[in-house]
$ cat work14.txt   # compact mmCIF, C-alpha atoms
# COMPACT_ATOMS: atom_id res chain seq x y z
CA MET A 185 -7.92 5.33 28.13
CA SER A 186 -9.85 6.42 25.06
CA ALA A 187 -9.97 4.31 21.91
CA LEU A 188 -8.06 7.02 20.08
CA VAL A 189 -5.21 7.04 22.59
CA LEU A 190 -5.08 3.26 22.54
CA VAL A 191 -4.89 3.12 18.76
CA VAL A 192 -2.33 5.88 18.41
CA GLY A 193 -0.21 4.29 21.13
CA LEU A 194 -0.27 0.93 19.42
CA ILE A 195 0.62 2.46 16.08
CA ALA A 196 3.51 4.41 17.61
CA THR A 197 4.83 1.29 19.31
CA THR A 198 4.56 -0.76 16.14
CA ALA A 199 6.21 1.98 14.12
CA ALA A 200 9.09 2.14 16.61
CA HIS A 201 9.68 -1.57 16.14
CA ALA A 202 9.45 -1.09 12.40
CA GLN A 203 12.23 1.50 12.46
CA ALA A 204 14.59 -0.62 14.50
CA PRO A 205 16.73 -2.89 12.29
CA ALA A 206 16.03 -6.53 13.03
CA ALA A 207 18.78 -9.10 13.11
CA GLN A 208 18.43 -11.53 10.23
CA PRO A 209 18.95 -15.26 10.72
CA PRO A 210 21.86 -16.88 8.88
CA VAL A 211 21.18 -17.77 5.27
CA ALA A 212 21.20 -21.45 6.12
CA ASP A 213 18.51 -20.92 8.75
CA GLN A 214 16.36 -18.98 6.29
CA ALA A 215 16.60 -21.75 3.73
CA ALA A 216 15.68 -24.36 6.31
CA ALA A 217 12.72 -22.40 7.69
CA PRO A 218 9.62 -24.61 7.44
CA SER A 219 6.31 -23.57 5.94
CA ALA A 220 3.58 -22.56 8.36
CA ALA A 221 1.68 -25.49 9.80
CA LYS A 222 -1.37 -26.48 7.80
CA PHE A 223 -4.73 -25.18 8.88
CA PRO A 224 -6.42 -27.98 10.86
CA ALA A 225 -9.69 -29.42 9.58
CA GLY A 226 -11.68 -27.72 12.32
CA GLN A 227 -10.34 -24.28 11.47
CA ILE A 228 -10.95 -24.74 7.74
CA GLU A 229 -14.55 -25.72 8.45
CA GLN A 230 -14.84 -22.68 10.71
CA LEU A 231 -13.61 -20.44 7.89
CA VAL A 232 -15.95 -21.79 5.20
CA ALA A 233 -19.02 -22.33 7.40
CA PRO A 234 -20.47 -18.82 6.87
CA ILE A 235 -20.34 -19.19 3.06
CA ALA A 236 -20.54 -22.95 2.41
CA LEU A 237 -24.25 -22.70 1.56
CA TYR A 238 -23.80 -19.86 -0.92
CA PRO A 239 -24.37 -20.62 -4.63
CA ASP A 240 -21.31 -22.26 -6.17
CA ALA A 241 -20.37 -19.38 -8.46
CA LEU A 242 -20.64 -16.77 -5.71
CA LEU A 243 -18.74 -19.01 -3.30
CA SER A 244 -15.89 -19.42 -5.78
CA GLN A 245 -15.80 -15.67 -6.34
CA ILE A 246 -15.43 -15.06 -2.60
CA LEU A 247 -12.61 -17.61 -2.33
CA MET A 248 -10.69 -16.00 -5.18
CA ALA A 249 -11.23 -12.46 -3.92
CA SER A 250 -10.21 -13.35 -0.36
CA THR A 251 -6.62 -13.66 -1.58
CA TYR A 252 -6.60 -9.88 -2.17
CA PRO A 253 -7.65 -8.43 1.22
CA LEU A 254 -6.52 -4.85 0.61
CA GLU A 255 -8.48 -4.65 -2.61
CA ILE A 256 -11.55 -5.97 -0.77
CA VAL A 257 -11.25 -2.94 1.51
CA GLU A 258 -10.99 -0.57 -1.42
CA ALA A 259 -13.89 -2.19 -3.29
CA ALA A 260 -16.07 -2.07 -0.18
CA ARG A 261 -15.38 1.65 0.20
CA TRP A 262 -16.24 2.23 -3.43
CA SER A 263 -19.43 0.18 -3.10
CA GLN A 264 -20.54 2.17 -0.06
CA ASP A 265 -19.98 5.42 -1.93
CA ASN A 266 -21.70 4.23 -5.13
CA LYS A 267 -24.75 2.33 -3.92
CA ASN A 268 -26.87 3.35 -6.88
CA VAL A 269 -24.42 2.20 -9.55
CA THR A 270 -25.70 -1.11 -10.97
CA GLY A 271 -26.07 -2.97 -14.23
CA LYS A 272 -24.28 -1.58 -17.27
CA ALA A 273 -23.13 1.47 -15.29
CA LEU A 274 -21.41 -0.82 -12.78
CA GLU A 275 -19.76 -2.78 -15.56
CA ASP A 276 -18.50 0.47 -17.07
CA ALA A 277 -17.23 1.69 -13.71
CA MET A 278 -15.29 -1.51 -13.08
CA GLN A 279 -13.31 -1.05 -16.28
CA LYS A 280 -11.73 1.99 -14.64
CA GLN A 281 -10.65 0.18 -11.46
CA SER A 282 -7.32 -1.58 -11.03
CA TRP A 283 -8.56 -4.36 -8.72
CA ASP A 284 -8.37 -8.03 -9.54
CA PRO A 285 -11.38 -9.19 -11.60
CA SER A 286 -12.54 -11.45 -8.75
CA VAL A 287 -12.81 -8.37 -6.51
CA LYS A 288 -14.56 -6.32 -9.17
CA ALA A 289 -17.14 -9.08 -9.54
CA LEU A 290 -18.22 -8.74 -5.91
CA THR A 291 -19.25 -5.11 -6.34
CA SER A 292 -22.37 -6.57 -7.96
CA VAL A 293 -23.24 -8.23 -4.62
CA PRO A 294 -22.67 -5.44 -2.07
CA GLN A 295 -23.97 -7.50 0.86
CA VAL A 296 -21.08 -9.92 0.40
CA LEU A 297 -18.52 -7.13 0.12
CA GLN A 298 -19.90 -5.63 3.31
CA MET A 299 -19.52 -8.92 5.17
CA MET A 300 -15.96 -9.36 3.95
CA ASN A 301 -15.17 -5.79 4.89
CA ASP A 302 -16.64 -6.28 8.36
CA LYS A 303 -14.68 -9.52 8.81
CA LEU A 304 -11.21 -8.67 7.54
CA GLU A 305 -9.46 -11.09 9.90
CA TRP A 306 -11.60 -13.88 8.50
CA VAL A 307 -10.90 -12.77 4.90
CA GLN A 308 -7.16 -12.86 5.58
CA GLN A 309 -7.31 -16.39 6.98
CA LEU A 310 -9.74 -17.67 4.35
CA GLY A 311 -7.47 -16.44 1.57
CA ASP A 312 -4.40 -17.97 3.19
CA ALA A 313 -6.16 -21.31 3.60
CA PHE A 314 -7.45 -21.25 0.04
CA LEU A 315 -4.02 -20.53 -1.46
CA ALA A 316 -2.23 -23.18 0.60
CA GLN A 317 -4.95 -25.87 0.88
CA GLU A 318 -7.46 -25.36 -1.91
CA GLN A 319 -8.58 -28.99 -2.01
CA ASP A 320 -9.07 -29.08 1.75
CA VAL A 321 -11.16 -25.90 1.57
CA MET A 322 -13.36 -27.30 -1.20
CA GLY A 323 -13.71 -30.60 0.66
CA ALA A 324 -14.77 -28.78 3.83
CA VAL A 325 -17.52 -26.99 1.89
CA GLN A 326 -18.92 -30.29 0.65
CA LYS A 327 -18.71 -31.81 4.12
CA LEU A 328 -20.73 -28.94 5.59
CA ARG A 329 -23.29 -29.09 2.80
CA GLN A 330 -23.75 -32.78 3.50
CA ARG A 331 -24.31 -31.98 7.17
CA ALA A 332 -26.84 -29.26 6.41
CA ASP A 333 -28.63 -31.65 4.07
CA ALA A 334 -28.68 -34.43 6.68
CA ALA A 335 -30.16 -31.95 9.18
CA GLY A 336 -32.94 -31.16 6.70
CA ASN A 337 -31.81 -27.57 6.25
CA LEU A 338 -30.58 -27.57 2.65
CA LYS A 339 -33.34 -27.67 0.07
CA SER A 340 -34.26 -26.00 -3.20
CA THR A 341 -36.18 -22.76 -2.75
CA PRO A 342 -37.61 -20.10 -5.07
CA GLN A 343 -34.23 -18.36 -4.71
CA GLN A 344 -31.79 -21.19 -5.43
CA LYS A 345 -31.64 -24.76 -6.67
CA VAL A 346 -29.89 -27.57 -4.78
CA THR A 347 -28.80 -30.64 -6.74
CA LYS A 348 -26.92 -33.83 -5.87
CA SER A 349 -24.79 -35.66 -8.39
CA ALA A 350 -22.57 -38.73 -8.61
CA PRO A 351 -19.09 -38.46 -10.13
CA PRO A 352 -19.03 -38.43 -13.96
CA ALA A 353 -17.92 -41.57 -15.76
CA GLY A 354 -14.18 -42.06 -15.47
CA VAL A 355 -13.81 -39.60 -12.60
CA SER A 356 -12.72 -40.88 -9.21
CA ALA A 357 -14.50 -39.32 -6.25
CA PRO A 358 -12.32 -37.93 -3.45
CA ALA A 359 -12.13 -40.14 -0.38
CA GLY A 360 -15.29 -40.00 1.71
CA MET A 361 -17.30 -38.22 -0.98
CA GLN A 362 -19.98 -40.25 -2.75
CA GLN A 363 -21.90 -37.31 -4.16
CA ALA A 364 -21.47 -33.60 -4.74
CA ILE A 365 -24.05 -31.05 -3.65
CA SER A 366 -24.26 -28.07 -5.98
CA ILE A 367 -26.16 -24.84 -5.33
CA GLU A 368 -27.19 -22.51 -8.15
CA PRO A 369 -29.39 -19.42 -8.33
CA VAL A 370 -32.73 -20.07 -10.01
CA ASN A 371 -31.95 -17.14 -12.29
CA PRO A 372 -28.19 -17.07 -13.11
CA ASP A 373 -28.30 -13.29 -13.53
CA GLU A 374 -29.95 -12.69 -10.16
CA TYR A 375 -28.64 -13.61 -6.73
CA TYR A 376 -30.23 -13.87 -3.31
CA VAL A 377 -27.49 -14.14 -0.69
CA PRO A 378 -28.27 -16.83 1.90
CA VAL A 379 -28.27 -15.72 5.53
CA TYR A 380 -27.99 -18.35 8.25
CA ASP A 381 -26.53 -19.13 11.63
CA PRO A 382 -23.76 -21.74 11.17
CA GLY A 383 -24.34 -22.84 14.74
CA ALA A 384 -27.86 -23.93 13.81
CA VAL A 385 -27.89 -24.91 10.15
CA TYR A 386 -25.23 -27.64 10.39
CA GLY A 387 -26.44 -29.25 13.60
CA ALA A 388 -24.08 -29.83 16.52
CA TRP A 389 -20.70 -28.24 15.83
CA ASP A 390 -17.76 -30.64 16.14
CA TYR A 391 -15.05 -28.12 16.96
CA PRO A 392 -15.63 -26.09 20.13
CA ASP A 393 -12.28 -24.33 19.66
CA TYR A 394 -13.28 -23.14 16.19
CA GLN A 395 -16.69 -21.56 16.38
CA PRO A 396 -17.81 -19.88 13.11
CA PHE A 397 -19.27 -16.40 13.10
CA TYR A 398 -22.86 -15.50 12.24
CA TRP A 399 -23.16 -12.41 10.04
CA TYR A 400 -26.30 -10.79 8.71
CA PRO A 401 -26.77 -7.44 6.97
CA PRO A 402 -28.16 -4.47 8.89
CA GLY A 403 -31.93 -4.56 9.09
CA TYR A 404 -32.17 -8.24 8.23
CA VAL A 405 -35.08 -10.10 9.84
CA ALA A 406 -34.54 -13.84 10.20
CA ALA A 407 -37.02 -16.03 8.34
CA GLY A 408 -36.42 -19.73 8.92
CA VAL A 409 -33.11 -21.52 9.34
CA ILE A 410 -31.91 -20.12 6.02
CA GLY A 411 -33.15 -16.73 4.87
CA PHE A 412 -32.16 -14.57 1.92
CA THR A 413 -31.26 -10.97 1.28
CA THR A 414 -33.05 -8.90 -1.31
CA ALA A 415 -32.25 -10.03 -4.85
CA VAL A 416 -29.47 -8.26 -6.75
CA ALA A 417 -29.13 -8.29 -10.53
CA VAL A 418 -25.57 -9.31 -11.36
CA GLY A 419 -25.68 -9.89 -15.09
CA ALA A 420 -22.39 -11.48 -16.14
CA ALA A 421 -20.46 -10.15 -13.12
CA ILE A 422 -20.37 -13.51 -11.29
CA TRP A 423 -18.18 -15.67 -13.50
CA GLY A 424 -16.64 -18.22 -11.11
CA GLY A 425 -17.45 -21.89 -10.70
CA CYS A 426 -16.61 -24.96 -8.59
CA ASN A 427 -15.36 -28.34 -9.79
CA TRP A 428 -16.26 -30.49 -6.82
CA TRP A 429 -14.61 -33.66 -8.13
CA ASN A 430 -11.24 -31.98 -8.75
CA ARG A 431 -11.80 -29.75 -5.72
CA ASN A 432 -10.85 -26.50 -7.40
CA VAL A 433 -12.43 -23.35 -8.76
CA PHE A 434 -12.62 -22.35 -12.41
CA VAL A 435 -13.59 -19.46 -14.66
CA ASN A 436 -16.71 -19.26 -16.82
CA VAL A 437 -14.91 -17.81 -19.82
CA ASN A 438 -17.95 -16.35 -21.57
CA ARG A 439 -19.25 -14.49 -18.54
CA TYR A 440 -15.74 -13.38 -17.56
CA ASN A 441 -15.06 -11.91 -20.99
CA GLN A 442 -18.44 -10.21 -21.12
CA PHE A 443 -18.12 -8.45 -17.77
CA ASN A 444 -14.42 -7.65 -17.99
CA ARG A 445 -14.43 -6.94 -21.74
CA THR A 446 -11.50 -9.22 -22.34
CA ASN A 447 -10.82 -12.25 -24.49
CA ILE A 448 -9.30 -14.92 -22.26
CA ARG A 449 -9.48 -18.50 -23.50
CA THR A 450 -8.60 -20.61 -20.50
CA ASN A 451 -10.98 -21.47 -17.68
CA THR A 452 -8.14 -21.95 -15.20
CA TRP A 453 -8.14 -19.45 -12.37
CA ALA A 454 -4.72 -18.11 -11.36
CA HIS A 455 -3.91 -16.04 -8.29
CA ASN A 456 -2.22 -12.83 -9.40
CA PRO A 457 0.23 -11.59 -6.74
CA ALA A 458 0.40 -8.19 -8.44
CA HIS A 459 -2.97 -7.52 -6.76
CA ARG A 460 -1.82 -8.74 -3.35
CA GLY A 461 -0.70 -5.23 -2.42
CA GLY A 462 2.31 -6.25 -0.34
CA VAL A 463 0.23 -8.45 1.99
CA ALA A 464 2.45 -11.30 3.19
CA TYR A 465 1.59 -14.91 2.52
CA ARG A 466 1.16 -16.97 5.67
CA ASP A 467 2.78 -20.08 4.24
CA ALA A 468 6.43 -19.95 3.20
CA GLY A 469 5.80 -22.44 0.41
CA VAL A 470 3.04 -20.25 -1.00
CA ALA A 471 5.31 -17.20 -0.70
CA ARG A 472 8.04 -18.99 -2.64
CA ARG A 473 5.53 -19.99 -5.31
CA PHE A 474 4.56 -16.38 -5.86
CA GLY A 475 7.99 -14.83 -5.30
CA SER A 476 9.05 -12.15 -2.85
CA GLY A 477 6.90 -9.08 -2.44
CA ASN A 478 9.32 -7.22 -0.19
CA THR A 479 11.04 -5.35 -3.01
CA PRO A 480 11.35 -1.57 -3.44
CA ALA A 481 8.92 -1.73 -6.35
CA ALA A 482 6.39 -3.72 -4.33
CA ARG A 483 6.64 -1.40 -1.35
CA GLU A 484 6.21 1.64 -3.58
CA ALA A 485 3.16 0.01 -5.20
CA LEU A 486 1.71 -0.60 -1.74
CA ARG A 487 2.45 3.00 -0.74
CA ASN A 488 0.60 4.24 -3.81
CA ARG A 489 -2.34 1.91 -3.23
CA THR A 490 -2.86 2.64 0.45
CA GLY A 491 -2.30 6.39 0.35
CA ALA A 492 0.77 6.40 2.57
CA PRO A 493 2.60 9.73 2.96
CA GLY A 494 4.11 10.65 -0.36
CA GLY A 495 1.98 8.10 -2.17
CA LYS A 496 -0.66 8.45 -4.80
CA PHE A 497 -4.23 7.90 -3.63
CA SER A 498 -5.54 4.94 -5.61
CA ASN A 499 -9.18 3.81 -5.64
CA ALA A 500 -10.14 5.47 -2.39
CA GLY A 501 -12.12 8.55 -1.46
CA ALA A 502 -10.22 11.80 -1.14
CA GLY A 503 -8.89 12.32 2.36
CA ARG A 504 -8.73 8.63 3.34
CA ALA A 505 -5.36 7.10 3.94
CA ARG A 506 -3.90 3.87 5.22
CA THR A 507 -0.26 3.46 6.16
CA ALA A 508 1.37 0.05 6.10
CA VAL A 509 3.97 -0.06 8.87
CA SER A 510 6.61 -2.76 8.38
CA GLN A 511 8.59 -4.33 11.18
CA ARG A 512 10.73 -7.08 9.72
CA THR A 513 12.11 -7.56 6.21
CA GLY A 514 10.03 -10.10 4.32
CA ASN A 515 7.76 -10.73 7.27
CA ARG A 516 7.00 -7.54 9.21
CA ALA A 517 4.31 -6.57 11.59
CA GLY A 518 2.08 -3.80 10.35
CA ALA A 519 -0.92 -1.67 11.08
CA SER A 520 -3.54 -0.59 8.62
CA VAL A 521 -4.20 3.05 9.41
CA SER A 522 -6.88 5.34 8.05
CA ARG A 523 -6.94 9.06 8.49
CA ARG A 524 -8.71 12.19 7.23
CA THR A 525 -6.53 14.93 5.79
CA SER A 526 -8.23 17.34 8.15
CA SER A 527 -7.16 15.39 11.22
CA LYS A 528 -3.65 14.12 11.86
CA SER A 529 -4.46 11.86 14.76
CA VAL A 530 -7.86 10.33 14.09
CA THR A 531 -7.29 6.79 12.93
CA ARG A 532 -10.01 4.74 11.37
CA ALA A 533 -10.45 2.02 8.81
CA ARG A 534 -13.40 3.50 6.92
CA THR A 535 -14.44 0.24 5.41
CA GLY A 536 -18.11 0.14 6.28
CA ALA A 537 -20.24 0.44 9.39
CA GLY A 538 -19.18 -1.89 12.15
CA ASN A 539 -15.85 -2.75 10.54
CA ARG A 540 -12.98 -3.86 12.71
CA ALA A 541 -9.48 -2.98 11.58
CA ALA A 542 -6.90 -5.37 12.93
CA ILE A 543 -3.76 -3.87 14.39
CA SER A 544 -1.18 -6.37 15.56
CA HIS A 545 1.17 -5.60 18.46
CA ARG A 546 4.29 -7.71 18.85
CA SER A 547 4.06 -11.48 18.51
CA VAL A 548 1.42 -12.40 21.04
CA THR A 549 -1.17 -9.67 21.07
CA HIS A 550 -3.53 -7.96 18.71
CA SER A 551 -6.16 -5.32 18.93
CA ARG A 552 -9.49 -4.91 17.23
CA VAL A 553 -10.54 -1.40 16.50
CA SER A 554 -14.19 -0.84 15.74
CA GLY A 555 -15.27 1.18 12.72
CA ARG A 556 -14.83 4.85 13.45
CA VAL A 557 -12.46 5.59 16.29
CA GLY A 558 -13.46 9.21 16.28
CA GLY A 559 -17.17 8.50 16.54
CA GLY A 560 -18.60 5.54 18.36
CA GLY A 561 -15.40 3.49 18.32
CA ARG A 562 -14.53 1.48 21.35
CA PRO A 563 -11.20 0.30 22.79
CA ALA A 564 -10.22 -3.09 21.53
CA ALA A 565 -9.55 -5.90 23.94
CA MET A 566 -5.97 -7.08 24.02
CA HIS A 567 -5.47 -10.77 24.34
CA ARG A 568 -2.92 -13.45 23.78
CA GLY A 569 -3.20 -16.19 21.24
CA GLY A 570 -4.29 -15.87 17.69
CA GLY A 571 -6.79 -16.61 14.99
CA MET A 572 -10.45 -16.16 15.72
CA ARG A 573 -9.91 -17.31 19.28
CA ALA A 574 -7.03 -17.75 21.74
CA GLY A 575 -4.67 -20.57 20.88
CA GLY A 576 -5.19 -20.23 17.11
CA ALA A 577 -2.48 -19.72 14.57
CA ALA A 578 -3.29 -16.44 12.88
CA PHE A 579 -2.08 -13.63 15.09
CA HIS A 580 1.32 -14.69 16.36
CA ARG A 581 4.70 -14.65 14.72
CA GLY A 582 4.97 -17.41 12.15
CA GLY A 583 1.26 -18.02 12.30
CA GLY A 584 0.05 -15.74 9.53
CA GLY A 585 -2.98 -13.50 9.90
CA PHE A 586 -2.23 -9.89 10.72
CA HIS A 587 1.17 -10.63 12.32
CA GLY A 588 3.93 -12.59 10.66
CA GLY A 589 1.83 -13.18 7.56
CA GLY A 590 -0.82 -10.51 7.53
CA PHE A 591 -1.44 -7.10 6.07
CA HIS A 592 2.26 -6.36 5.68
CA GLY A 593 5.40 -7.70 4.12
CA GLY A 594 4.83 -10.70 1.95
CA GLY A 595 5.49 -12.29 -1.36
CA ARG A 596 4.58 -11.34 -4.85
CA GLY A 597 5.26 -12.66 -8.35
CA GLY A 598 4.20 -15.82 -10.10
CA GLY A 599 0.70 -17.16 -10.38
CA PHE A 600 -1.68 -19.52 -8.68
CA HIS A 601 0.23 -22.52 -9.94
CA GLY A 602 3.52 -20.79 -10.47
CA GLY A 603 2.30 -18.43 -13.17
CA GLY A 604 0.02 -15.42 -13.37
CA ARG A 605 -3.40 -15.31 -14.96
CA ARG A 606 -3.12 -16.24 -18.58
CA ARG A 607 -4.94 -14.02 -21.00
$ encode --input "work14.txt" --output "structure tokens"
Amino acid sequence: MSALVLVVGLIATTAAHAQAPAAQPPVADQAAAPSAAKFPAGQIEQLVAPIALYPDALLSQILMASTYPLEIVEAARWSQDNKNVTGKALEDAMQKQSWDPSVKALTSVPQVLQMMNDKLEWVQQLGDAFLAQEQDVMGAVQKLRQRADAAGNLKSTPQQKVTKSAPPAGVSAPAGMQQAISIEPVNPDEYYVPVYDPGAVYGAWDYPDYQPFYWYPPGYVAAGVIGFTTAVAVGAAIWGGCNWWNRNVFVNVNRYNQFNRTNIRTNTWAHNPAHRGGVAYRDAGVARRFGSGNTPAAREALRNRTGAPGGKFSNAGAGRARTAVSQRTGNRAGASVSRRTSSKSVTRARTGAGNRAAISHRSVTHSRVSGRVGGGGRPAAMHRGGGMRAGGAAFHRGGGGFHGGGFHGGGRGGGFHGGGRRR
């Protein structure tokens, strides 16, 4: 069976389920429904391992942006089509885009956008973990930095500066944390993205069921345990930061205002569900915090954003479309579908070379579709389980990821702590 037939068949099956009305549980059952189980420590470390050794500001920017997976796809497309737009021209171009500022910021570091685009499943899970367990995510980063340091693999280089600090006077350190390791670029306006194999840089990995991935940009030649990509000039685009003692991220107000041409006054970062694009939240508690996204207005906004039939093409190249197929009210299975206007059946997620678009099928299976189905794509392996490996929690009903809490359905409204970004 060709990859195209496989994909179209899966989409047709999913769409059929979407059209069939699903019986809703009694109101009492809905109210009593528990939040999704917390991500275990091993899975959180798996999720942050590929980026834990990135400079603090860039790391925080990735964590924020991961909560908007559909906009990551759009920004990656734009970045691929506008490789020569940098500096002031990039800043000007971003004023015209409707993405969240955290996503816009990453267009200044295209290597990172490419990785996130290539690893959409990971982005989905990272964002879900960050929204539900921010302190655990930040703690896992520090734990991995300590391990890399103990292994002799985390040192200052001509590209970035590594510093260790004790908690400030009057600040209590989190349990098990005597010092914080910070990483900063030598030049704050210029970034070299670290490239490393998590399986080597941290020493022996403690969680065999949660192996992290190793990503490197095309053409990269390894140089030592930690290498670096070519420098990129970011100017004021990277405006995030990490407070390791409070275990949260924050906003560098001056840089934020400069790049986004705004005048915010608070350094508190707030998740803005208006940029979630109808993507469901894995955790019911998080969904309640941000309100319900399964409203007619939210679905219409998602239709417009993704280029569904009858929708307005927003922030994507002409002729590219993605259709969100819902299965269950408030928590429906979906498939992210790309197509050219000149071909009704060719499905692809044109989100960069080597990208895998996740298409979930019922509650126990999912399929990975490589890059271009019409040219070089390969059939995706079907398997049971979920997450990055069988037995995980991301790909089955109630487990988040691309099924039950993935690129479909979902909650919107509210902010990161119950309110939207304050301006």
$ closest_atom_pairs --input "work14.txt" --of "segment 369-478 of chain A" --to "segment 247-269 of chain A" --cutoff "10 Å" --atoms "all atoms listed in the file" --output "Markdown table"
| residue | atom | partner | partner_atom | distance |
| --- | --- | --- | --- | --- |
| A:Gly424 | CA | A:Met248 | CA | 8.7 |
| A:Val433 | CA | A:Met248 | CA | 8.4 |
| A:Phe434 | CA | A:Met248 | CA | 9.8 |
| A:Trp453 | CA | A:Met248 | CA | 8.4 |
| A:Ala454 | CA | A:Met248 | CA | 8.8 |
| A:His455 | CA | A:Met248 | CA | 7.5 |
| A:Asn456 | CA | A:Tyr252 | CA | 9.0 |
| A:Pro457 | CA | A:Tyr252 | CA | 8.4 |
| A:Ala458 | CA | A:Tyr252 | CA | 9.5 |
| A:His459 | CA | A:Tyr252 | CA | 6.3 |
| A:Arg460 | CA | A:Tyr252 | CA | 5.1 |
| A:Gly461 | CA | A:Leu254 | CA | 6.6 |
| A:Gly462 | CA | A:Leu254 | CA | 9.0 |
| A:Val463 | CA | A:Leu254 | CA | 7.8 |
| A:Tyr465 | CA | A:Thr251 | CA | 9.3 |
$ closest_residue --input "work14.txt" --among "A:Tyr394, A:Trp428, A:Phe474, A:Phe443" --to "Met278 of chain A" --atoms "only C-alpha atoms"
A:Phe443
$ closest_residue --input "work14.txt" --among "A:Gly475, A:Pro372, A:Pro352, A:Gly360" --to "Gly323 of chain A" --atoms "only C-alpha atoms"
A:Gly360
$ closest_residue --input "work14.txt" --among "A:Ala350, A:Leu304, A:Leu310, A:Ala417" --to "Phe223 of chain A" --atoms "all atoms listed in the file"
A:Leu310
$ closest_residue --input "work14.txt" --among "A:Trp423, A:Tyr376, A:Phe397, A:Phe314" --to "Pro342 of chain A" --atoms "all atoms listed in the file"
A:Tyr376
$ atom_distance --input "work14.txt" --atom1 "atom CA of Lys222 of chain A" --atom2 "atom CA of Ala359 of chain A"
19.2 Å
$ closest_residue --input "work14.txt" --among "A:Ala471, A:Val287, A:Ile246, A:Val418" --to "Ala316 of chain A" --atoms "all atoms listed in the file"
A:Ala471
